[in-house]
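Asker: This is the structure, below, for whatever I ask next.
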Amino acid sequence: PMWIEWAAPAPRLRMMACTMRAAASAAPAGTTKSRRVTARAASRPMWFPNAVAPAHLDGSMPGDFGLDPMCLGSDPNALAWYRQAELQHARWAMIGVAGSVVGEIYTGKNFYTAPLEVDLPMNPAALLAFQFVMMHWVEVRRWMDIRTPGSANQDPIFKEQKLSTVDPGYPGGPFDPFGFGKGDGLEAAKGRELYFGRLAMWVFMAEVITYQATGLGPVEALNKHLANPFSQTIFSNLGQCVLNDTVDFNGVAISTPCLWPQL
């Protein structure tokens with residue numbers, strides 16, 4: 001209906017419009033368009049058997065399984081931003097999970113409290129200010145590239161340094177020294193990166209909650225579970241929290257709330 005399309009910028013109405021369009025495409029109908037939508041959905045993996053993807057998730061993006069129950073990506077600009085945000089979080093999560101496990105194996109220290117033992121070259125406020133300035137510059141450049149792909153390819157200082165790709169999130173060039181992004185395998189690699197990244201985000205959240213409930217890092221918690229698999233489980237630690245209300249970090253008191261409710 002015209003009034004739904006006209007009001008689409010409003011988040012709630014946009015969600016309603018998206019849901020109605022998905023329901024309409026899933027409803028039995030003899031039209032050619034409905035048959036095309038059903039055939040296209042059946043030709044690619046979906047998040048649930050026989051699920052019907054909303055129109056904006058047409059399978060063209062890597063890792064697209066047609067799951068957007070709140071229709072957050074119905075706005076093309078928002079969808080592009082969400083994809084880049086997911087990609088960044090996925091990469092950080094993969095690094096974080098690997099670092100937490102390898103660090104604990106080699107040092108015996110868990111990732112949650114290890115930062116408290118680091119001697120900083122500056123006070124926390126100065127470090128935060130420095131990080132804010134540096135990350136702000138990087139994120140603005142990335143935002144520019146998302147809005148206009150290729151606009152941030154040239155180094156603003158060293159003009160001779162530039163990238164040839166215009167695919168946001170996949171710069172290539174010196175960031176792909178082994179040439180893994182060349183050839184026909186790039187699209188498959190994009191999908192695998194998202195699969196592992198999504199799993200890593202869940203794993204890192206589980207590591208955080210595990211420490212908050214047990215005070216154990218991922219390796220120590222796994223060893224304890226393997227030693228007594230029937231009594232050392234997530235269910236035996238539900239509602240527990242071993243954290244103090246605050247922690248002292250180089251003279252700064254930081255609040256440390258638990259991420260799940262205590263019983």
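Residues are named by chain letter and number: chains run A, B, ... in the order of the structure tokens, numbers start at 1 in each chain, and ligands are numbered from 1 in the order shown.
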Using only C-alpha atoms, I'd like a table of the residues in stretch 210-238 of chain A that come within 10 Å of stretch 88-107 of chain A; for each, show the closest atom pair and its distance in Å rounded to one decimal, ordered by chain and ascending number, as a tab-separated table.
Answerer:
```
residue	atom	partner	partner_atom	distance
A:Gly217	CA	A:Glu104	CA	7.4
A:Pro218	CA	A:Val101	CA	6.5
A:Val219	CA	A:Val101	CA	6.4
A:Glu220	CA	A:Glu104	CA	8.4
```
Asker: Just the selected residues (all heavy atoms), exported as a compact mmCIF listing (two decimals), in the first residue's frame, please.
Answerer:
```
# COMPACT_ATOMS: atom_id res chain seq x y z
N GLY A 217 39.30 -18.99 33.43
CA GLY A 217 39.51 -18.71 32.02
C GLY A 217 39.02 -19.86 31.17
O GLY A 217 38.67 -20.93 31.69
N PRO A 218 38.99 -19.72 29.84
CA PRO A 218 38.43 -20.77 28.98
C PRO A 218 39.17 -22.10 29.07
O PRO A 218 38.53 -23.16 29.09
CB PRO A 218 38.54 -20.17 27.57
CG PRO A 218 39.56 -19.09 27.69
CD PRO A 218 39.44 -18.55 29.07
N VAL A 219 40.48 -22.08 29.16
CA VAL A 219 41.24 -23.34 29.22
C VAL A 219 41.03 -24.02 30.56
O VAL A 219 40.78 -25.24 30.62
CB VAL A 219 42.74 -23.06 28.97
CG1 VAL A 219 43.55 -24.35 29.12
CG2 VAL A 219 42.96 -22.45 27.59
N GLU A 220 41.12 -23.27 31.63
CA GLU A 220 40.93 -23.86 32.96
C GLU A 220 39.50 -24.37 33.14
O GLU A 220 39.27 -25.44 33.73
CB GLU A 220 41.24 -22.83 34.05
CG GLU A 220 41.26 -23.39 35.45
CD GLU A 220 41.63 -22.36 36.50
OE1 GLU A 220 41.82 -21.18 36.12
OE2 GLU A 220 41.72 -22.73 37.68
```
Asker: Would you kindly return, as a PyMOL selection string, each protein, DNA or RNA residue with an atom no farther than 10 Å from any atom of stretch 171-181 of chain A, considering only C-alpha atoms and excluding same-chain residues fewer than 5 positions away?
Answerer: chain A and resi 150+153+162-166+186-190
Asker: Go ahead and dump the residues you just picked, C-alpha atoms, as an mmCIF file, in the first residue's frame.
Answerer:
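The result, written out as selection12.cif:
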```cif
data_model
loop_
_atom_site.group_PDB
_atom_site.id
_atom_site.type_symbol
_atom_site.label_atom_id
_atom_site.label_comp_id
_atom_site.auth_asym_id
_atom_site.auth_seq_id
_atom_site.Cartn_x
_atom_site.Cartn_y
_atom_site.Cartn_z
ATOM 1 C CA GLY A 150 37.010 3.660 -2.884
ATOM 2 C CA ASN A 153 41.802 4.184 -0.884
ATOM 3 C CA LYS A 162 46.805 3.604 -2.683
ATOM 4 C CA LEU A 163 44.576 0.555 -3.005
ATOM 5 C CA SER A 164 42.987 -0.623 -6.202
ATOM 6 C CA THR A 165 39.941 -2.385 -4.740
ATOM 7 C CA VAL A 166 36.614 -0.632 -4.120
ATOM 8 C CA LEU A 186 37.248 -14.775 -2.660
ATOM 9 C CA GLU A 187 33.460 -15.032 -2.341
ATOM 10 C CA ALA A 188 33.698 -18.420 -0.631
ATOM 11 C CA ALA A 189 36.366 -17.038 1.712
ATOM 12 C CA LYS A 190 34.079 -14.119 2.613
#
```
Asker: Work out how far atom CA of A:Met70 is from atom CA of A:Pro149, in Å to one decimal.
Answerer: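 If I compute the distance from atom CA of A:Pro149 to atom CA of A:Met70, I get 27.1 Å.
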Asker: In Å to one decimal, how far is atom CA of A:Val208 from atom CA of A:Leu67?
Answerer: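 Taking atom CA of A:Leu67 and atom CA of A:Val208, their separation equals 26.0 Å.
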Asker: Given the choices A:Ala53, A:Val252, A:Met135, A:Leu128, which gets closest to A:Phe65 if the distance is worked out from only C-alpha atoms?
Answerer: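 Under the stated criterion, the closest residue is A:Ala53.
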Asker: So how many Å separate atom CA of A:Gly169 and atom CA of A:Arg141, to one decimal?
Answerer: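 One can read the atom CA of A:Gly169 to atom CA of A:Arg141 distance as 11.7 Å.
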Asker: Counting only C-alpha atoms, figure out which residue out of A:Phe249, A:Trp202, A:Phe48, A:Phe132 gets nearest to A:Leu120.
Answerer: A:Phe249
Asker: Near stretch 223-226 of chain A, counting only C-alpha atoms, which residues have an atom at most 12 Å away, once you skip same-chain residues fewer than 4 positions from it, shown as a PyMOL selection string?
Answerer: chain A and resi 105+210+214+216-219+230-237
Asker: What are the DSSP helix (DSSP H, G or I) residues of stretch 15-213 of chain A, as a ChimeraX atom specification?
Answerer: /A:15-26,32-42,76-107,114-117,124-147,173-175,183-213
Asker: Do you know which residues are at most 12 Å from A:Ile254 counting only C-alpha atoms, after dropping those on the same chain fewer than 3 positions away, and could you put them as an mmCIF file with N, CA and C atoms, in the first residue's frame?
Answerer:
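Once written, part_14.cif looks like this:
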```
data_model
loop_
_atom_site.group_PDB
_atom_site.id
_atom_site.type_symbol
_atom_site.label_atom_id
_atom_site.label_comp_id
_atom_site.auth_asym_id
_atom_site.auth_seq_id
_atom_site.Cartn_x
_atom_site.Cartn_y
_atom_site.Cartn_z
ATOM 1 N N LEU A 116 44.968 -6.204 34.145
ATOM 2 C CA LEU A 116 45.223 -5.522 35.412
ATOM 3 C C LEU A 116 46.686 -5.631 35.824
ATOM 4 N N PRO A 124 45.703 5.878 32.633
ATOM 5 C CA PRO A 124 44.550 5.422 31.836
ATOM 6 C C PRO A 124 43.832 6.534 31.082
ATOM 7 N N LEU A 243 32.463 -11.685 40.592
ATOM 8 C CA LEU A 243 33.081 -10.368 40.443
ATOM 9 C C LEU A 243 32.786 -9.462 41.629
ATOM 10 N N ASN A 244 33.732 -8.611 41.935
ATOM 11 C CA ASN A 244 33.473 -7.522 42.875
ATOM 12 C C ASN A 244 32.708 -6.419 42.157
ATOM 13 N N ASP A 245 32.180 -5.492 42.922
ATOM 14 C CA ASP A 245 31.414 -4.400 42.315
ATOM 15 C C ASP A 245 32.302 -3.505 41.450
ATOM 16 N N THR A 246 33.559 -3.326 41.863
ATOM 17 C CA THR A 246 34.503 -2.501 41.098
ATOM 18 C C THR A 246 35.866 -3.173 41.098
ATOM 19 N N VAL A 247 36.707 -2.745 40.176
ATOM 20 C CA VAL A 247 38.086 -3.213 40.118
ATOM 21 C C VAL A 247 38.990 -1.999 39.940
ATOM 22 N N ASP A 248 40.160 -2.045 40.568
ATOM 23 C CA ASP A 248 41.094 -0.929 40.475
ATOM 24 C C ASP A 248 42.052 -1.154 39.313
ATOM 25 N N PHE A 249 42.050 -0.208 38.378
ATOM 26 C CA PHE A 249 42.927 -0.296 37.216
ATOM 27 C C PHE A 249 43.818 0.943 37.185
ATOM 28 N N ASN A 250 45.036 0.772 37.665
ATOM 29 C CA ASN A 250 45.991 1.871 37.708
ATOM 30 C C ASN A 250 45.431 3.101 38.406
ATOM 31 N N GLY A 251 44.779 2.865 39.532
ATOM 32 C CA GLY A 251 44.245 3.965 40.309
ATOM 33 C C GLY A 251 42.863 4.430 39.907
ATOM 34 N N PRO A 257 29.932 -4.920 36.359
ATOM 35 C CA PRO A 257 28.677 -5.638 36.529
ATOM 36 C C PRO A 257 28.686 -6.985 35.815
#
```
Asker: Quick one: of A:Met201, A:Ala78, A:Ile209, A:Cys258, who's nearest to A:Ile146, counting only C-alpha atoms?
Answerer: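 Counting only C-alpha atoms, the residue closest to A:Ile146 is A:Ala78.
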Asker: Check the smallest atom-to-atom distance from each of A:Gly66, A:His56, A:Asp145, A:Gly185 to A:Arg44 using only C-alpha atoms, then report the winner.
Answerer: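 Checking each candidate against A:Arg44, we get A:Gly66 as the closest.
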